[in-house]
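Scroll down for the structure; my scribbles are underneath it.
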Amino acid sequence: GRGMNAILVDGAEDVRIGGNQVSGSNSLFIHNSAGVDIEETTVRDARGPAILARDSSSVRLRRNHLVHATGPGILLERVRGGEVSGNHVESAGGDDRGGIDIAESSRVNGDGNTIRKAGGDGRAGRVRVAGSDQVDVRTSDQ
C-alpha cells in the first residue's frame with residue numbers, strides 16, 4: 001500500500017529473502033536485525049532508497065537489481081558487519097548521495113557491484129562512505 005514497505009525485516013535474526021520483484025514501493029527495509037541475506041531481488045521505482053538497512057548487523061546484499069530510486073540504490077546506516085556484492089544499481093542517488101551509500105557503519109565489504117547514473121551529477125560507479133571504518137565496497141565501474 002501507499003507509504004508502506006513491500007518487504008520489512010524488523011527485530012529479526014537469520015532471515016533469507018530472495019527472488020522477489022518489488023515496484024513503486026517504499027524501501028525494502030531492514031531494521032534492528034542480524035544475519036539478514038537479501039539476494040536476487042529486483043526493486044524498481046523505489047520511493048527513497050531501494051534497500052535500506054539501519055541499526056543492524058551481518059547484512060548481506062548480493063546480486064540484487066535496483067532501478068530508479070529517489071534515494072541511493074543501497075543505504076546502510078549504523079550497520080556492523082556486512083557484504084554488498086554483485087548488485088546492479090541504475091538511476092539512483094541524489095545530489096549528496098551515492099548509488100551505494102554507507103554511513104556510520106563498520107566492517108562492510110564487497111565487490112562486483114555495477115552502478116550507472118548514480119548521484120545528482122550522474123557519474124557512474126559512485127560509492128559514498130561517511131563516518132564509517134573498515135569499509136571496502138567496490139564497483140566494477142571504478
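Identifiers for the C-alpha cells are assigned positionally: chains receive A, B, ... in sequence, residues are indexed from 1 per chain, and ligands are indexed from 1 in the order shown.
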**Study point:** Residue neighbourhood segment 29-35 of chain A, 7 Å, only C-alpha atoms, exclusion window fewer than 3 positions, as a list in words
**Key:**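 Returned residues: Asn5, Ile7, Leu8, Val9, Asp10, Gly11, Ala12, Glu13, Asp14, Val15, Ile51, Leu52, Ala53, Arg54, Asp55, Ser56, Ser57, Ser58 and Val59 of chain A.
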Practice item. Within 12 Å of Ile115 of chain A, counting only C-alpha atoms, which residues show up once you throw out same-chain ones fewer than 3 positions away? Write them as JSON, numbers by chain, please. Key: {"A": [64, 65, 66, 67, 68, 72, 73, 74, 85, 86, 87, 88, 89, 90, 91, 92, 93, 98, 99, 100, 101, 111, 112, 118, 119, 122, 123, 124, 125, 126, 127, 128, 138, 139, 140, 141, 142]}
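When only C-alpha atoms are used to measure the gap to Arg97 of chain A, the shortest distance among A:Gly71, A:Gly48, A:Gly81, A:Gly24 belongs to A:Gly71.
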Point to revise | Distance query Val22 of chain A at most 8 Å, only C-alpha atoms, self and fewer than 2 positions along chain excluded, as a list of chain:residue names | key: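 Counting only C-alpha atoms, the residues come to A:Ala6, A:Asn20, A:Gly24, A:Ser25, A:Thr41, A:Thr42, A:Val43, A:Arg44.
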Check your understanding: So how many Å separate atom CA of Arg116 of chain A and atom CA of Arg80 of chain A, to one decimal?
Key ->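 Distance reported for this atom pair: 26.6 Å.
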Check your understanding: Smallest atom-to-atom distance to Val36 of chain A: which of A:Pro49, A:Gly82, A:Gly110, A:Gly19, using only C-alpha atoms?
Key ->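 Going through A:Pro49, A:Gly82, A:Gly110, A:Gly19 one by one, the smallest distance to Val36 of chain A is for A:Gly82.
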Review point. For Arg60 of chain A, which of A:Ile38, A:Ala103, A:Val129, A:Leu75 is the closest residue, counting only C-alpha atoms?
Key: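 Nearest to Arg60 of chain A: A:Ile38.
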Exercise for review: Give the strand (DSSP E) residues of segment 32-127 of chain A, as assigned by DSSP on the backbone, as a VMD selection string.
Suggested key: chain A and resid 34 to 39 42 to 62 65 to 69 74 to 85 88 to 92 100 to 103 106 to 118 127
Store the residues of this selection in a file with C-alpha atoms, as an mmCIF file, in the first residue's frame.
```cif
data_model
loop_
_atom_site.group_PDB
_atom_site.id
_atom_site.type_symbol
_atom_site.label_atom_id
_atom_site.label_comp_id
_atom_site.auth_asym_id
_atom_site.auth_seq_id
_atom_site.Cartn_x
_atom_site.Cartn_y
_atom_site.Cartn_z
ATOM 1 C CA ALA A 34 21.018 -9.636 12.475
ATOM 2 C CA GLY A 35 22.000 -12.215 9.885
ATOM 3 C CA VAL A 36 19.840 -10.925 7.018
ATOM 4 C CA ASP A 37 20.515 -12.047 3.427
ATOM 5 C CA ILE A 38 18.766 -10.321 0.509
ATOM 6 C CA GLU A 39 19.590 -11.965 -2.820
ATOM 7 C CA THR A 42 14.575 -6.615 -8.181
ATOM 8 C CA VAL A 43 13.367 -3.238 -6.897
ATOM 9 C CA ARG A 44 12.068 -0.640 -9.390
ATOM 10 C CA ASP A 45 10.840 2.904 -8.836
ATOM 11 C CA ALA A 46 11.512 2.978 -5.085
ATOM 12 C CA ARG A 47 10.426 5.983 -3.066
ATOM 13 C CA GLY A 48 13.648 6.639 -1.167
ATOM 14 C CA PRO A 49 16.483 4.092 -1.152
ATOM 15 C CA ALA A 50 15.705 0.798 -2.888
ATOM 16 C CA ILE A 51 17.239 -1.146 0.032
ATOM 17 C CA LEU A 52 17.737 0.466 3.447
ATOM 18 C CA ALA A 53 19.458 -1.321 6.334
ATOM 19 C CA ARG A 54 19.616 0.544 9.652
ATOM 20 C CA ASP A 55 20.878 -0.406 13.142
ATOM 21 C CA SER A 56 21.581 -3.991 12.087
ATOM 22 C CA SER A 57 24.471 -6.465 11.856
ATOM 23 C CA SER A 58 25.646 -9.144 9.441
ATOM 24 C CA VAL A 59 23.630 -7.851 6.497
ATOM 25 C CA ARG A 60 24.461 -9.447 3.145
ATOM 26 C CA LEU A 61 23.108 -7.907 -0.066
ATOM 27 C CA ARG A 62 24.008 -9.985 -3.121
ATOM 28 C CA HIS A 65 18.892 -5.362 -9.344
ATOM 29 C CA LEU A 66 17.860 -1.845 -8.244
ATOM 30 C CA VAL A 67 16.483 0.598 -10.822
ATOM 31 C CA HIS A 68 15.156 4.154 -10.390
ATOM 32 C CA ALA A 69 15.228 5.026 -6.697
ATOM 33 C CA ILE A 74 21.562 0.783 -1.252
ATOM 34 C CA LEU A 75 21.767 2.734 2.003
ATOM 35 C CA LEU A 76 23.454 1.246 5.074
ATOM 36 C CA GLU A 77 23.227 3.274 8.303
ATOM 37 C CA ARG A 78 24.823 2.014 11.509
ATOM 38 C CA VAL A 79 25.384 -1.494 10.118
ATOM 39 C CA ARG A 80 28.035 -3.640 11.809
ATOM 40 C CA GLY A 81 29.433 -6.283 9.514
ATOM 41 C CA GLY A 82 28.114 -6.959 6.086
ATOM 42 C CA GLU A 83 28.620 -7.652 2.420
ATOM 43 C CA VAL A 84 27.459 -5.708 -0.639
ATOM 44 C CA SER A 85 28.405 -7.755 -3.738
ATOM 45 C CA HIS A 88 23.356 -3.610 -10.116
ATOM 46 C CA VAL A 89 22.218 -0.060 -9.315
ATOM 47 C CA GLU A 90 20.830 2.214 -12.029
ATOM 48 C CA SER A 91 19.454 5.762 -11.810
ATOM 49 C CA ALA A 92 19.687 6.173 -8.049
ATOM 50 C CA ILE A 100 25.640 2.843 -2.719
ATOM 51 C CA ASP A 101 25.756 4.947 0.443
ATOM 52 C CA ILE A 102 27.362 3.705 3.683
ATOM 53 C CA ALA A 103 27.102 5.887 6.806
ATOM 54 C CA SER A 106 31.843 -0.744 10.157
ATOM 55 C CA ARG A 107 33.287 -3.947 8.696
ATOM 56 C CA VAL A 108 31.384 -3.813 5.404
ATOM 57 C CA ASN A 109 32.978 -5.195 2.240
ATOM 58 C CA GLY A 110 32.074 -6.380 -1.216
ATOM 59 C CA ASP A 111 32.852 -6.160 -4.889
ATOM 60 C CA GLY A 112 31.433 -6.717 -8.356
ATOM 61 C CA ASN A 113 28.750 -4.039 -7.991
ATOM 62 C CA THR A 114 27.780 -2.023 -11.067
ATOM 63 C CA ILE A 115 26.405 1.488 -10.775
ATOM 64 C CA ARG A 116 25.011 3.562 -13.635
ATOM 65 C CA LYS A 117 23.703 7.134 -13.456
ATOM 66 C CA ALA A 118 24.170 7.498 -9.713
ATOM 67 C CA VAL A 127 30.027 4.705 -3.724
#
```
